[in-house]
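Novice: Just dropping this structure here.
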Amino acid sequence: MTKALVSLQDLRKRIYIKAKADKTLRFWGLYVHVCKAETLSAAYAMAKKNDGAPGIDGVTFEAIEVKGVEAFLEDIRNELTTGTYRPTRNRRKEIPKGDGKVRILGIPTIRDRVVQGALKLILEPIFEADFQEGSYGYRPKRTNHQAVQRVAEAVVHHKTTVIDVDLKSYFDTVRHDLLLKKVAERVNDDHVMYLLKLILKASGVRGVPQGGVISPLLSNIYLNEVDKMLERAKEVTRRGRYTYIEYARFADDLVILVDGLRKWKWLVQAVYKRLLEELAKLDVQINIEKTRQVDLAREESFPFLGFDFRRVKTLRGQWGVHITPRIKARTLLLQKIKEIFRCFISQPVDRVIDLVNPILRGWVNYFRIGHASRCFGYVKDWVEKKVRRHLMRAKNRSGFGWNRWSSQWIYRNLGLFASYRVRYIS
């Protein structure tokens, strides 16, 4: 009697259940699952769904599919099984951050993305069982909006003293030896550890590349002890069902919220001190200039994941939270759209709108959970004026054509994005 093959989904589920049941279990025999055709095929599907620019070799998904995906994956599988696989150097891409600085993305080749994706598919369920409730960065079934809601609920429950933590060049400073040691605490497979080491060394002597498929998982593993420390702080200070400290972390973006009563002032200093101790163990530094303590009771605000948070009184006289898109986020959006209108100034308006609409749709869908009505109104009017100027330039005329075209015509006939409805957090 032959044993039925286990699907990738069932395998991941079994691994997660085992890891959750025994926090000390070290998994072996994982490499064979990384090399399976089903795992590599799923990793390729994920890479294609995310699309992205080609790596340093210039190979695109279109070129791969012309030659055949099956042959491409079979070559990768042979390299992995024979031990001849070597990752290629990442292509470096500078992304403006809006404050004069740039973020360096390391873009792997599609071949390396597939290998990283396959490794992630097998390792992820192991470490998902270990991650804490306050960690949201790039985890399955967890979103930015859930992290925002967690912070909003903490503010509503009178946690008004906020430590807004900024980690200094976090992704660039991750120590490979410490990271590999943390992975080895749960993985007892020399082939997997060697493959992970090859992937890390391809990005340099230190750090994990922003843009790598497996980088988000590795960054969460690296900071998991910080999350555990914050969870312990919550439990130690708990009084029945009441907690006096809360936190939310999305990758390297971390906020800690403490009850605003004077008697909990010591807790703010204590948790900050413990945070510095845990980060020192990881050789991660805090950006002193950007890390700050905020008192929401004094009408101060703090940023998190592109939103500004402020405590306000509701119409019923109760304390609530006001969440708005940051001015910086709005400015970056308008700069991006302005550049499209500038580059396609001689093109038909339909083509420009086809390029602008996906950007607007993604931005609005992200920020529509807060009190964004005023911001959305500004963006909507600004974009409509840009479309009107584009139409008037095509006729060699000045002005915005208010008497020529109604707003209804622009949105209905030209198809300009118009869904700016806000969905408030309950």
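Labels used: A, B, ... for chains in the order of the structure tokens, numbers from 1 for residues in each chain, and numbers from 1 for ligands as shown.
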Could you pull the residues within 9 Å of Arg150 (chain A), counting only C-alpha atoms, minus those fewer than 5 positions along the same chain, as a list in words?

Specialist: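 So the residues in contact are Gly134, His145, Val155, Glu246, Tyr247 and Ala248 of chain A.
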
Novice: Please produce a file of the residues just selected, as a CSV table (one decimal), in the first residue's frame, where the atoms kept are N, CA and C atoms.

Specialist:
chain,number,residue,atom,x,y,z
A,134,GLY,N,1.1,41.2,18.5
A,134,GLY,CA,1.3,42.5,18.1
A,134,GLY,C,2.1,42.7,16.9
A,145,HIS,N,-4.2,47.5,8.1
A,145,HIS,CA,-5.5,48.0,8.7
A,145,HIS,C,-5.7,47.4,10.0
A,155,VAL,N,-5.7,53.7,22.0
A,155,VAL,CA,-5.9,55.1,22.3
A,155,VAL,C,-7.3,55.3,22.9
A,246,GLU,N,0.2,48.6,25.5
A,246,GLU,CA,-0.1,47.9,24.2
A,246,GLU,C,1.0,48.3,23.2
A,247,TYR,N,1.1,47.5,22.2
A,247,TYR,CA,2.1,47.8,21.1
A,247,TYR,C,1.6,47.2,19.8
A,248,ALA,N,2.2,47.7,18.8
A,248,ALA,CA,1.9,47.2,17.4
A,248,ALA,C,3.2,47.4,16.6

Novice: Fewer than 6 positions away in the same chain doesn't count, so skip those; otherwise give me all residues within 9 Å of region 300-314 of chain A, counting only C-alpha atoms, as number ranges by chain.

Specialist: A: 144, 147-148, 151-152, 155-156, 160, 162, 164, 250, 253-255, 294, 320-329, 367, 370

Novice: Can you list, as a PyMOL selection string, every residue of region 109-273 of chain A that DSSP puts in alpha helix (DSSP H)?

Specialist: chain A and resi 110-128+144-156+170-173+176-184+190-201+215-236+265-273

Novice: Can you tell me, as number ranges by chain, what residues are no more than 10 Å from Leu223 (chain A) when counting only C-alpha atoms, ignoring any on the same chain fewer than 4 positions away?

Specialist: A: 131, 135, 174, 179, 218-219, 227-228, 249, 251-252, 278-279, 282, 284

Novice: Please save N, CA and C atoms of the selected residues as a CSV table (one decimal), in the first residue's frame.

Specialist:
chain,number,residue,atom,x,y,z
A,131,PHE,N,5.3,33.7,16.4
A,131,PHE,CA,5.2,35.1,16.4
A,131,PHE,C,4.1,35.6,17.3
A,135,SER,N,2.5,41.6,16.3
A,135,SER,CA,3.3,41.7,15.0
A,135,SER,C,2.4,41.5,13.8
A,174,VAL,N,20.9,44.0,10.1
A,174,VAL,CA,20.6,42.7,10.6
A,174,VAL,C,21.9,41.8,10.5
A,179,LEU,N,20.9,36.0,13.1
A,179,LEU,CA,19.7,35.6,12.4
A,179,LEU,C,19.7,34.1,12.2
A,218,LEU,N,12.2,36.9,7.6
A,218,LEU,CA,13.5,36.9,8.4
A,218,LEU,C,13.5,38.1,9.3
A,219,SER,N,13.0,39.3,8.9
A,219,SER,CA,13.0,40.5,9.8
A,219,SER,C,12.1,40.3,11.0
A,227,ASP,N,9.1,41.5,20.5
A,227,ASP,CA,7.7,41.3,20.7
A,227,ASP,C,7.4,40.5,22.0
A,228,LYS,N,8.2,39.5,22.2
A,228,LYS,CA,7.9,38.7,23.4
A,228,LYS,C,8.1,39.5,24.7
A,249,ARG,N,3.6,46.4,15.9
A,249,ARG,CA,4.8,46.4,15.1
A,249,ARG,C,4.5,45.9,13.7
A,251,ALA,N,6.8,45.2,10.6
A,251,ALA,CA,8.3,45.2,10.2
A,251,ALA,C,9.1,46.0,11.1
A,252,ASP,N,9.7,47.1,10.7
A,252,ASP,CA,10.5,47.9,11.6
A,252,ASP,C,9.8,49.1,12.1
A,278,GLU,N,16.9,44.9,24.7
A,278,GLU,CA,16.6,43.8,23.8
A,278,GLU,C,17.2,44.2,22.4
A,279,LEU,N,17.1,45.4,22.0
A,279,LEU,CA,17.7,45.8,20.7
A,279,LEU,C,19.2,45.8,20.7
A,282,LEU,N,20.5,42.5,19.8
A,282,LEU,CA,20.4,42.3,18.4
A,282,LEU,C,21.4,43.2,17.6
A,284,VAL,N,20.9,46.3,17.1
A,284,VAL,CA,20.0,47.2,16.4
A,284,VAL,C,20.0,48.5,17.1

Novice: I'd like the contact shell of region 16-25 of chain A - 12 Å cut-off, only C-alpha atoms, skipping same-chain residues fewer than 3 positions apart - returned as a VMD selection string.

Specialist: chain A and resid 9 to 13 28 121 to 131 184 to 188
